[in-house]
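Structure file work04.txt (compact mmCIF, C-alpha atoms) follows.
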```txt
# COMPACT_ATOMS: atom_id res chain seq x y z
CA MET Y 1 6.19 -5.84 -15.54
CA GLN Y 2 5.02 -9.11 -17.11
CA GLU Y 3 3.98 -10.36 -13.65
CA LEU Y 4 2.07 -7.14 -13.02
CA GLN Y 5 0.16 -7.50 -16.27
CA GLY Y 6 -0.77 -11.07 -15.33
CA LEU Y 7 -2.05 -9.94 -11.94
CA THR Y 8 -4.38 -7.40 -13.55
CA GLN Y 9 -5.88 -10.00 -15.88
CA GLN Y 10 -6.93 -12.58 -13.30
CA THR Y 11 -8.23 -12.61 -9.74
CA THR Y 12 -6.66 -15.85 -8.49
CA TRP Y 13 -4.25 -13.92 -6.27
CA LEU Y 14 -7.16 -12.18 -4.56
CA LEU Y 15 -9.09 -15.41 -4.10
CA GLN Y 16 -5.97 -16.88 -2.46
CA ALA Y 17 -5.53 -13.81 -0.21
CA GLU Y 18 -2.12 -12.99 -1.68
CA ASN Y 19 -0.62 -9.55 -1.26
CA LEU Y 20 1.03 -7.25 -3.76
CA LEU Y 21 3.82 -4.89 -2.73
CA LEU Y 22 5.02 -2.12 -5.04
CA PHE Y 23 8.39 -0.58 -4.16
CA GLY Y 24 10.28 2.26 -5.78
CA PRO Y 25 11.46 5.82 -5.35
CA SER Y 26 9.06 8.72 -5.27
CA GLY Y 27 7.52 9.67 -8.59
CA VAL Y 28 7.97 6.41 -10.52
CA GLY Y 29 4.25 5.59 -10.75
CA LYS Y 30 3.50 3.29 -7.80
CA THR Y 31 0.25 5.05 -6.94
CA HIS Y 32 -0.74 5.18 -10.61
CA LEU Y 33 -0.16 1.42 -10.90
CA ALA Y 34 -2.03 0.75 -7.66
CA ILE Y 35 -5.04 2.67 -8.99
CA ALA Y 36 -4.88 0.82 -12.33
CA ILE Y 37 -4.74 -2.55 -10.55
CA THR Y 38 -7.64 -1.54 -8.31
CA MET Y 39 -9.69 -0.54 -11.35
CA ALA Y 40 -8.81 -3.79 -13.14
CA MET Y 41 -9.93 -5.84 -10.14
CA ALA Y 42 -13.13 -3.80 -9.78
CA ALA Y 43 -13.84 -4.43 -13.48
CA GLN Y 44 -13.66 -8.15 -12.64
CA ASP Y 45 -16.32 -7.71 -9.92
CA GLN Y 46 -13.87 -7.67 -7.02
CA ALA Y 47 -14.70 -5.27 -4.19
CA CYS Y 48 -11.75 -2.92 -3.67
CA ARG Y 49 -10.95 0.05 -1.48
CA PHE Y 50 -8.07 2.50 -1.92
CA PHE Y 51 -6.62 4.45 1.03
CA PRO Y 52 -3.69 6.80 1.38
CA ALA Y 53 -1.89 5.23 4.36
CA THR Y 54 -2.29 8.30 6.56
CA ALA Y 55 -6.07 8.43 5.93
CA LEU Y 56 -6.43 4.74 6.72
CA VAL Y 57 -4.44 5.11 9.92
CA GLN Y 58 -6.62 8.05 10.99
CA LEU Y 59 -9.78 6.00 10.35
CA LEU Y 60 -8.42 3.09 12.36
CA GLN Y 61 -7.24 5.35 15.19
CA LYS Y 62 -10.70 6.92 15.50
CA ALA Y 63 -12.27 3.48 15.56
CA LYS Y 64 -9.85 2.30 18.24
CA ALA Y 65 -10.53 5.39 20.38
CA ALA Y 66 -14.26 4.64 20.12
CA TYR Y 67 -13.64 0.95 20.98
CA ASP Y 68 -14.90 0.11 17.50
CA LEU Y 69 -11.72 -1.22 15.84
CA PRO Y 70 -12.87 -4.86 15.55
CA ALA Y 71 -16.06 -3.72 13.83
CA ILE Y 72 -14.14 -1.51 11.36
CA LEU Y 73 -11.69 -4.33 10.59
CA GLN Y 74 -14.69 -6.58 9.96
CA LYS Y 75 -16.24 -3.94 7.66
CA LEU Y 76 -13.00 -3.72 5.68
CA ASP Y 77 -13.16 -7.49 5.16
CA ARG Y 78 -15.89 -6.92 2.57
CA TYR Y 79 -13.11 -5.72 0.24
CA SER Y 80 -11.13 -8.49 -1.38
CA LEU Y 81 -8.44 -5.89 -2.11
CA LEU Y 82 -7.47 -3.14 0.29
CA VAL Y 83 -4.86 -0.69 -1.01
CA ILE Y 84 -2.53 1.09 1.41
CA ASP Y 85 -0.77 3.78 -0.61
CA ASP Y 86 2.51 5.27 0.62
CA ILE Y 87 2.93 3.27 3.84
CA SER Y 88 6.32 4.97 4.23
CA TYR Y 89 4.63 8.20 5.32
CA VAL Y 90 3.26 6.61 8.47
CA ARG Y 91 5.80 7.23 11.20
CA ARG Y 92 6.71 5.29 14.29
CA SER Y 93 3.99 6.56 16.60
CA GLU Y 94 2.68 3.69 18.71
CA LEU Y 95 -0.87 4.99 18.24
CA GLU Y 96 -0.52 5.14 14.46
CA THR Y 97 1.31 1.96 13.73
CA SER Y 98 -0.37 -0.30 16.26
CA VAL Y 99 -3.66 0.01 14.36
CA LEU Y 100 -1.88 -0.54 11.05
CA PHE Y 101 -0.22 -3.62 12.51
CA GLU Y 102 -3.61 -4.88 13.73
CA LEU Y 103 -5.03 -4.46 10.23
CA ILE Y 104 -2.13 -6.39 8.67
CA CYS Y 105 -2.55 -9.19 11.22
CA HIS Y 106 -6.33 -9.24 10.77
CA ARG Y 107 -6.14 -9.58 6.97
CA TYR Y 108 -3.30 -12.11 7.00
CA GLU Y 109 -4.33 -15.19 4.98
CA ARG Y 110 -7.90 -13.85 4.80
CA ARG Y 111 -7.89 -10.92 2.36
CA SER Y 112 -5.39 -9.22 0.06
CA LEU Y 113 -3.45 -6.04 0.62
CA LEU Y 114 -1.74 -3.93 -2.02
CA VAL Y 115 0.91 -1.77 -0.37
CA THR Y 116 3.06 0.91 -2.00
CA SER Y 117 6.27 2.13 -0.42
CA ASN Y 118 9.22 4.27 -1.37
CA GLN Y 119 11.32 2.59 1.33
CA PRO Y 120 12.71 -0.96 1.29
CA PHE Y 121 11.91 -3.30 4.17
CA ARG Y 122 15.23 -2.57 5.89
CA GLU Y 123 13.97 0.98 6.52
CA TRP Y 124 10.55 -0.02 7.85
CA ASP Y 125 11.84 0.32 11.41
CA ASP Y 126 11.03 4.00 10.81
CA ILE Y 127 7.38 3.00 10.35
CA PHE Y 128 6.83 0.57 13.23
CA PRO Y 129 7.84 1.44 16.80
CA ASN Y 130 10.07 -1.58 17.38
CA GLY Y 131 11.97 -4.17 15.43
CA SER Y 132 9.84 -7.11 16.47
CA MET Y 133 6.66 -5.41 15.22
CA THR Y 134 8.41 -4.56 11.94
CA VAL Y 135 9.56 -8.16 11.48
CA ALA Y 136 6.09 -9.52 12.29
CA ALA Y 137 4.33 -7.10 9.90
CA VAL Y 138 6.76 -7.76 7.04
CA ASP Y 139 6.60 -11.52 7.70
CA ARG Y 140 2.81 -11.51 7.30
CA LEU Y 141 2.87 -9.26 4.24
CA VAL Y 142 5.44 -11.30 2.32
CA HIS Y 143 4.27 -14.81 3.20
CA HIS Y 144 1.85 -15.00 0.24
CA CYS Y 145 3.03 -12.12 -1.85
CA HIS Y 146 4.06 -10.67 -5.18
CA ILE Y 147 6.78 -8.03 -4.86
CA ILE Y 148 7.37 -5.60 -7.71
CA GLY Y 149 10.31 -3.21 -7.67
CA ILE Y 150 10.05 -0.16 -9.90
CA LYS Y 151 13.18 1.70 -10.92
CA GLY Y 152 13.60 4.96 -12.72
CA GLU Y 153 13.48 8.69 -12.34
CA SER Y 154 10.56 10.64 -10.99
CA TYR Y 155 8.05 11.51 -13.70
CA ARG Y 156 7.29 14.74 -11.87
CA GLN Y 157 10.95 15.76 -11.79
CA LYS Y 158 11.33 14.93 -15.49
CA ALA Y 159 8.26 17.07 -16.30
CA ALA Y 160 9.57 19.94 -14.18
CA ALA Y 161 12.98 19.75 -15.87
CA ALA Y 162 11.31 19.80 -19.29
CA ARG Y 163 9.28 22.87 -18.29
CA VAL Y 164 12.39 24.66 -17.04
CA SER Y 165 14.32 23.97 -20.23
CA SER Y 166 11.40 25.09 -22.44
CA ASP Y 167 10.91 28.22 -20.30
CA GLN Y 168 14.60 29.09 -20.75
CA SER Y 169 14.38 28.76 -24.52
CA ASN Y 170 11.29 31.02 -24.61
CA PRO Y 171 11.86 33.60 -21.86
CA PRO Y 172 8.97 35.97 -21.12
CA THR Y 173 9.26 39.44 -22.61
```
Translate the structure described by the file into structure tokens.
Amino acid sequence: MQELQGLTQQTTWLLQAENLLLFGPSGVGKTHLAIAITMAMAAQDQACRFFPATALVQLLQKAKAAYDLPAILQKLDRYSLLVIDDISYVRRSELETSVLFELICHRYERRSLLVTSNQPFREWDDIFPNGSMTVAAVDRLVHHCHIIGIKGESYRQKAAAARVSSDQSNPPT
């Protein structure tokens, strides 16, 4: 987490168009960290935009259908940091992932991406429609990149377990 703290305190990684990838199981705080990093960068006068992956894909698909994808990609370039939260929930539809792939290629070595995922790279073939597209996307993402793995149990599951145990000790009358 030392590296993560350093990334929130300076903007060099954004100025160098480096990416940040946060990996870990569901519920360990990846989205929370992505929001905190986004806020820290915004506090340092960096333009940032946060997207759930499915919402971003829908935006890009609409733009592509309207033959406006290059213009939308250009508009997104105004953000030095673009966050794609939960990329693992995008699934192997050529329509969905081709626009995501185009975004990754467009931003490569130009602007930074922060991507959260609950799946390791070896399972990203479930996201992109073919192995060569997966390899090319991962290759671009990791070339200038900080990768943070988060381990632990789901905070939501821990909270639910605590509620269950307290409910059992104080049953309703």
So that I can see what lies close to Leu95 of chain Y, please list as a ChimeraX atom specification the residues with an atom at most 12 Å from it, counting only C-alpha atoms and leaving out residues fewer than 2 positions away in the same chain. /Y:57-65,90-93,97-102,127-129
Could you state the separation of atom CA of Ile147 of chain Y and atom CA of Leu21 of chain Y in Å, given to one decimal place?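 Distance between the two atoms: 4.8 Å.
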Atomic separation - atom CA of Arg140 of chain Y relative to atom CA of Gln44 of chain Y, Å: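 So the answer is 26.1 Å.
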To one decimal in Å, tell me the separation between atom CA of Glu109 of chain Y and atom CA of Leu82 of chain Y. 13.3 Å
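Close to (-6.1, -8.2, -0.5), meaning no more than 7 Å away when counting all atoms listed in the file, sit the residues Y:Leu14, Y:Ala17, Y:Glu18, Y:Asn19, Y:Ser80, Y:Leu81, Y:Leu82, Y:Arg111, Y:Ser112, Y:Leu113, Y:Leu114.
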Near segment 29-34 of chain Y, 9 Å: segment 44-155 of chain Y residue rows, closest pairs, only C-alpha atoms, as CSV:
```
residue,atom,partner,partner_atom,distance
Y:Phe50,CA,Y:Ala34,CA,8.5
Y:Val83,CA,Y:Ala34,CA,7.4
Y:Asp85,CA,Y:Thr31,CA,6.5
Y:Asp86,CA,Y:Thr31,CA,7.9
Y:Leu114,CA,Y:Ala34,CA,7.3
Y:Val115,CA,Y:Ala34,CA,8.3
Y:Thr116,CA,Y:Lys30,CA,6.3
Y:Ser117,CA,Y:Lys30,CA,8.0
Y:Asn118,CA,Y:Lys30,CA,8.7
Y:Ile150,CA,Y:Lys30,CA,7.7
Y:Ser154,CA,Y:Gly29,CA,8.1
Y:Tyr155,CA,Y:Gly29,CA,7.6
```
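Counting only C-alpha atoms and comparing Y:Ile87, Y:Leu56, Y:Cys105, Y:Cys145, the residue that lies closest to Trp13 of chain Y is Y:Cys145.
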Any chance you could model all heavy atoms for segment 32-43 of chain Y and send them as a tab-separated table (two decimals), in the coordinates of the input?
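Written out: part.tsv:
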```
chain	number	residue	atom	x	y	z
Y	32	HIS	N	-0.05	5.33	-9.33
Y	32	HIS	CA	-0.74	5.18	-10.61
Y	32	HIS	C	-1.00	3.69	-10.90
Y	32	HIS	O	-2.11	3.32	-11.28
Y	32	HIS	CB	0.12	5.81	-11.71
Y	32	HIS	CG	-0.51	5.79	-13.05
Y	32	HIS	ND1	-1.42	6.73	-13.46
Y	32	HIS	CD2	-0.36	4.94	-14.09
Y	32	HIS	CE1	-1.82	6.46	-14.69
Y	32	HIS	NE2	-1.18	5.37	-15.09
Y	33	LEU	N	0.01	2.85	-10.70
Y	33	LEU	CA	-0.16	1.42	-10.90
Y	33	LEU	C	-1.16	0.82	-9.92
Y	33	LEU	O	-1.98	-0.02	-10.30
Y	33	LEU	CB	1.18	0.69	-10.78
Y	33	LEU	CG	2.15	0.87	-11.94
Y	33	LEU	CD1	3.52	0.29	-11.59
Y	33	LEU	CD2	1.60	0.22	-13.20
Y	34	ALA	N	-1.10	1.26	-8.66
Y	34	ALA	CA	-2.03	0.75	-7.66
Y	34	ALA	C	-3.47	1.08	-8.04
Y	34	ALA	O	-4.38	0.24	-7.91
Y	34	ALA	CB	-1.70	1.32	-6.28
Y	35	ILE	N	-3.69	2.28	-8.55
Y	35	ILE	CA	-5.04	2.67	-8.99
Y	35	ILE	C	-5.46	1.83	-10.19
Y	35	ILE	O	-6.60	1.35	-10.25
Y	35	ILE	CB	-5.08	4.18	-9.32
Y	35	ILE	CG1	-4.93	4.99	-8.02
Y	35	ILE	CG2	-6.36	4.56	-10.05
Y	35	ILE	CD1	-4.67	6.48	-8.24
Y	36	ALA	N	-4.56	1.62	-11.14
Y	36	ALA	CA	-4.88	0.82	-12.33
Y	36	ALA	C	-5.22	-0.62	-11.93
Y	36	ALA	O	-6.18	-1.21	-12.47
Y	36	ALA	CB	-3.72	0.85	-13.31
Y	37	ILE	N	-4.47	-1.19	-11.02
Y	37	ILE	CA	-4.74	-2.55	-10.55
Y	37	ILE	C	-6.09	-2.60	-9.85
Y	37	ILE	O	-6.89	-3.52	-10.06
Y	37	ILE	CB	-3.60	-3.05	-9.63
Y	37	ILE	CG1	-2.33	-3.23	-10.45
Y	37	ILE	CG2	-3.99	-4.34	-8.91
Y	37	ILE	CD1	-1.06	-3.35	-9.63
Y	38	THR	N	-6.36	-1.61	-9.01
Y	38	THR	CA	-7.64	-1.54	-8.31
Y	38	THR	C	-8.78	-1.48	-9.31
Y	38	THR	O	-9.79	-2.19	-9.17
Y	38	THR	CB	-7.67	-0.31	-7.37
Y	38	THR	OG1	-6.57	-0.42	-6.46
Y	38	THR	CG2	-8.97	-0.24	-6.60
Y	39	MET	N	-8.64	-0.65	-10.33
Y	39	MET	CA	-9.69	-0.54	-11.35
Y	39	MET	C	-9.85	-1.85	-12.13
Y	39	MET	O	-10.98	-2.26	-12.43
Y	39	MET	CB	-9.38	0.63	-12.28
Y	39	MET	CG	-9.51	1.98	-11.59
Y	39	MET	SD	-9.04	3.37	-12.62
Y	39	MET	CE	-10.31	3.31	-13.86
Y	40	ALA	N	-8.73	-2.52	-12.43
Y	40	ALA	CA	-8.81	-3.79	-13.14
Y	40	ALA	C	-9.52	-4.85	-12.30
Y	40	ALA	O	-10.33	-5.63	-12.83
Y	40	ALA	CB	-7.40	-4.27	-13.52
Y	41	MET	N	-9.26	-4.87	-11.02
Y	41	MET	CA	-9.93	-5.84	-10.14
Y	41	MET	C	-11.41	-5.50	-9.99
Y	41	MET	O	-12.26	-6.39	-9.99
Y	41	MET	CB	-9.25	-5.89	-8.76
Y	41	MET	CG	-7.83	-6.43	-8.79
Y	41	MET	SD	-7.67	-8.11	-9.43
Y	41	MET	CE	-7.20	-7.81	-11.13
Y	42	ALA	N	-11.72	-4.22	-9.87
Y	42	ALA	CA	-13.13	-3.80	-9.78
Y	42	ALA	C	-13.88	-4.17	-11.06
Y	42	ALA	O	-15.05	-4.58	-11.00
Y	42	ALA	CB	-13.22	-2.31	-9.50
Y	43	ALA	N	-13.22	-4.06	-12.19
Y	43	ALA	CA	-13.84	-4.43	-13.48
Y	43	ALA	C	-14.12	-5.93	-13.55
Y	43	ALA	O	-14.97	-6.37	-14.33
Y	43	ALA	CB	-12.94	-4.00	-14.64
```
